[in-house]
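See below for the structure under consideration.
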Amino acid sequence: MKKTLPFFVFGICWTAVQALAQPAAVATPVTLELSTEQQQLSHGKPGWTENTVRLNRQLGPRQLIEASLVQANRFNTNDEQLNATYVQPLSEKLAVTVDGSLGTMHRFLPQHSLGLTLQYEFAPAWLVHGGVKSTRYNDVSVEQSILMVEHYVSAFSWAVAWRPVRVSDTSTSSAELRGSYYYGEKNAVTLSASNGQEATIDNTLVTLANVSSIALSGRHWVNRDWALTYVLNSTHQGDYYSRNGLRIGVQYIF
């Protein structure tokens with residue numbers, strides 16, 4: 001299974017690219033996003049940069065496919081990664097999300113990853129999310145899970161999540177709180193905070209470390225075709241370093 005996993009991930013990524021490129025029988029919106037991110041690190045470590053091109057196609061109600069290409073620079077080293085996501089409703093209340101990634105050089109980004117998440121509306125405006133994800137780096141595999149409860153109230157939503165993780169026969173977990181405000185037709189702003197042990201990378205070494213972070217993110221549509229996206233975050237990554245960063249993106253829908 002481990003030998004065939006990269007080919008399966010490649011299949012997901014390639015299928016996403018083809019689906020985005022081919023014309024649909026019924027016109028569906030396609031969103032293009034270009035974003036750039038800068039992260040400043042403590043302890044004299046060099047900053048990180050990341051540039052992303054993302055295509056998202058809405059195939060139907062609660063059904064979409066997305067592909068992105070990420071070019072990153074960390075520790076004065078370049079790396080690239082192809083990502084793909086597919087969301088499919090299984091019933092009125094149940095949906096499944098499959099996501100995968102494939103590294104072209106995997107110097108510090110993963111060689112490949114594969115995840116599966118189920119979302120179920122167990123009561124009006126109440127959702128539960130449960131999923132698993134396997135990520136393979138050059139020297140270690142990281143197994144992650146998520147259990148999250150989400151609730152919508154008027155123009156707001158909140159969520160609480162538990163994220164178990166296993167690295168090199170060691171298991172631990174982290175917790176996350178998140179709140180969102182939805183304004184206008186498609187605009188949103190989200191504040192999230194997390195704390196616990198997570199898989200972290202220092203140069204090319206992947207280990208478990210105490211991580212606490214807070215982030216403010218959002219999307220604001222300037223008009224019907226153009227939107228701005230942003231993420232402002234601060235992360236304390238064990239004894240390795242602290243990171244403070246900003247990501248800014250531009251979306252165009254056509």
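Just remember, in the structure tokens the first chain shown is A, the second B, etc., residues are 1-based per chain, and ligands are 1-based in the order shown.
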
Within 9 Å of A:Arg219, counting only C-alpha atoms, which residues qualify if same-chain residues fewer than 2 places away don't, as a ChimeraX atom specification? /A:186-189,217,221,227-230

I'd like the neighbourhood of A:Arg54 as a ChimeraX atom specification, where a residue qualifies if any of its atoms comes within 12 Å (using only C-alpha atoms), though same-chain residues fewer than 6 positions away should be ignored. /A:16-17,20,30-36,65-71,81-85,249-253

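Nearest residue to A:Thr235 among A:Ser101, A:Thr52, A:Gln111, A:Ser42 is A:Ser42, counting only C-alpha atoms.
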
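Distance check against A:Gly130 using only C-alpha atoms: of A:Ile214, A:Leu41, A:Leu102, A:Ala161, the minimum falls on A:Ala161.
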
Using the chain letters and numbers from this document, which residues of stretch 30-252 of chain A does DSSP assign to strand (DSSP E), as a ChimeraX atom specification? /A:30-41,48-60,63-74,77-89,94-103,112-123,126-136,141-153,156-167,170-183,187-202,205-221,226-237,241-252

For A:Asn76, please output as a tab-separated table (two decimals) with all heavy atoms, in the first residue's frame all residues within 10 Å (counting only C-alpha atoms; exclusion window: fewer than 2 positions along the same chain).
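This is the output file part.tsv:
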```
chain	number	residue	atom	x	y	z
A	45	LYS	N	16.85	32.95	12.62
A	45	LYS	CA	16.59	32.05	11.50
A	45	LYS	C	16.07	32.83	10.31
A	45	LYS	O	15.34	33.81	10.46
A	45	LYS	CB	15.60	30.96	11.92
A	45	LYS	CG	16.12	30.01	12.99
A	45	LYS	CD	15.11	28.93	13.31
A	45	LYS	CE	15.65	27.97	14.36
A	45	LYS	NZ	16.73	27.14	13.83
A	46	PRO	N	16.43	32.40	9.09
A	46	PRO	CA	15.97	33.11	7.90
A	46	PRO	C	14.46	32.99	7.72
A	46	PRO	O	13.85	31.98	8.11
A	46	PRO	CB	16.72	32.42	6.75
A	46	PRO	CG	17.07	31.07	7.28
A	46	PRO	CD	17.31	31.26	8.75
A	47	GLY	N	13.85	34.03	7.15
A	47	GLY	CA	12.41	34.05	6.96
A	47	GLY	C	11.94	33.04	5.92
A	47	GLY	O	12.73	32.53	5.11
A	48	TRP	N	10.64	32.75	5.96
A	48	TRP	CA	10.02	31.85	5.00
A	48	TRP	C	9.23	32.67	3.99
A	48	TRP	O	8.65	33.72	4.32
A	48	TRP	CB	9.05	30.89	5.70
A	48	TRP	CG	9.68	29.93	6.65
A	48	TRP	CD1	11.00	29.84	7.00
A	48	TRP	CD2	9.00	28.91	7.40
A	48	TRP	NE1	11.19	28.83	7.91
A	48	TRP	CE2	9.99	28.24	8.17
A	48	TRP	CE3	7.68	28.50	7.48
A	48	TRP	CZ2	9.66	27.19	9.03
A	48	TRP	CZ3	7.36	27.46	8.33
A	48	TRP	CH2	8.34	26.81	9.09
A	49	THR	N	9.15	32.18	2.77
A	49	THR	CA	8.26	32.74	1.76
A	49	THR	C	7.50	31.60	1.10
A	49	THR	O	8.00	30.48	1.01
A	49	THR	CB	9.02	33.54	0.69
A	49	THR	OG1	9.91	32.67	-0.02
A	49	THR	CG2	9.81	34.68	1.32
A	72	ALA	N	7.68	27.15	-2.23
A	72	ALA	CA	8.06	27.63	-0.90
A	72	ALA	C	9.57	27.73	-0.77
A	72	ALA	O	10.31	26.99	-1.40
A	72	ALA	CB	7.51	26.69	0.17
A	73	ASN	N	9.99	28.66	0.08
A	73	ASN	CA	11.40	28.81	0.43
A	73	ASN	C	11.49	28.86	1.95
A	73	ASN	O	10.94	29.75	2.59
A	73	ASN	CB	12.00	30.07	-0.17
A	73	ASN	CG	13.48	30.22	0.16
A	73	ASN	OD1	13.86	30.58	1.27
A	73	ASN	ND2	14.33	29.94	-0.82
A	74	ARG	N	12.18	27.86	2.53
A	74	ARG	CA	12.40	27.80	3.97
A	74	ARG	C	13.85	27.38	4.21
A	74	ARG	O	14.38	26.54	3.46
A	74	ARG	CB	11.46	26.79	4.64
A	74	ARG	CG	9.99	27.08	4.48
A	74	ARG	CD	9.14	26.03	5.18
A	74	ARG	NE	7.73	26.19	4.91
A	74	ARG	CZ	6.79	25.34	5.31
A	74	ARG	NH1	7.14	24.27	6.02
A	74	ARG	NH2	5.53	25.54	5.01
A	78	ASN	N	14.56	25.85	-1.54
A	78	ASN	CA	13.31	25.90	-2.29
A	78	ASN	C	12.67	24.52	-2.36
A	78	ASN	O	13.34	23.49	-2.37
A	78	ASN	CB	13.57	26.40	-3.73
A	78	ASN	CG	13.96	27.86	-3.76
A	78	ASN	OD1	13.40	28.68	-3.03
A	78	ASN	ND2	14.92	28.19	-4.60
A	203	ASN	N	14.60	22.86	9.96
A	203	ASN	CA	15.41	22.45	8.81
A	203	ASN	C	14.70	21.26	8.14
A	203	ASN	O	13.60	21.43	7.67
A	203	ASN	CB	16.84	22.14	9.22
A	203	ASN	CG	17.59	23.40	9.61
A	203	ASN	OD1	17.44	24.44	8.97
A	203	ASN	ND2	18.38	23.31	10.67
```

Find the residues around A:Pro124 up to 10 Å (only C-alpha atoms counted), leave out those fewer than 4 positions away in its own chain, and share them as a list in words.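 What passes the distance filter is Lys93, His151 and Tyr152 of chain A.
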
So how far away is atom CA of A:Ser171 from atom CA of A:Glu121, in Å?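 Rounded to one decimal, the two atoms are 29.3 Å apart.
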
Given only C-alpha atoms as the basis, pick out the residue of A:Ala199, A:Ser91, A:Gly184, A:Ser141 nearest to A:Val222. A:Gly184

Of the candidates A:Leu59, A:Ala159, A:Val165, A:Val128, which one gets nearest to A:Ser145 if we count only C-alpha atoms?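 Smallest separation from A:Ser145 among the options: A:Val165.
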
Quick one: pull the distance between atom CA of A:Pro61 and atom CA of A:Gly179, Å, one decimal. 24.0 Å

Counting only C-alpha atoms, which of A:Phe108, A:Met148, A:Trp226, A:Gln63 gets nearest to A:Glu92? A:Gln63

Write out as a VMD selection string the residues lying within 8 Å of A:Thr117, counting only C-alpha atoms and excluding same-chain residues fewer than 5 positions away. chain A and resid 96 to 98 129 to 132

Write out as a VMD selection string each polymer residue whose atoms come within 8 Å of A:Asn195, counting only C-alpha atoms; drop sequence neighbours fewer than 4 positions from it. chain A and resid 174 to 176 210 to 213

Quote the spacing between atom CA of A:Ser157 and atom CA of A:His220 in Å to one decimal place.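 Between atom CA of A:Ser157 and atom CA of A:His220 the gap is 17.2 Å.
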
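Residues of stretch 1-240 of chain A carrying a DSSP assignment of alpha helix (DSSP H), computed from the backbone, are Leu5, Pro6, Phe7, Phe8, Val9, Phe10, Gly11, Ile12, Cys13, Trp14, Thr15, Ala16, Val17, Gln18, Ala19, Leu20 and Ala21 of chain A.
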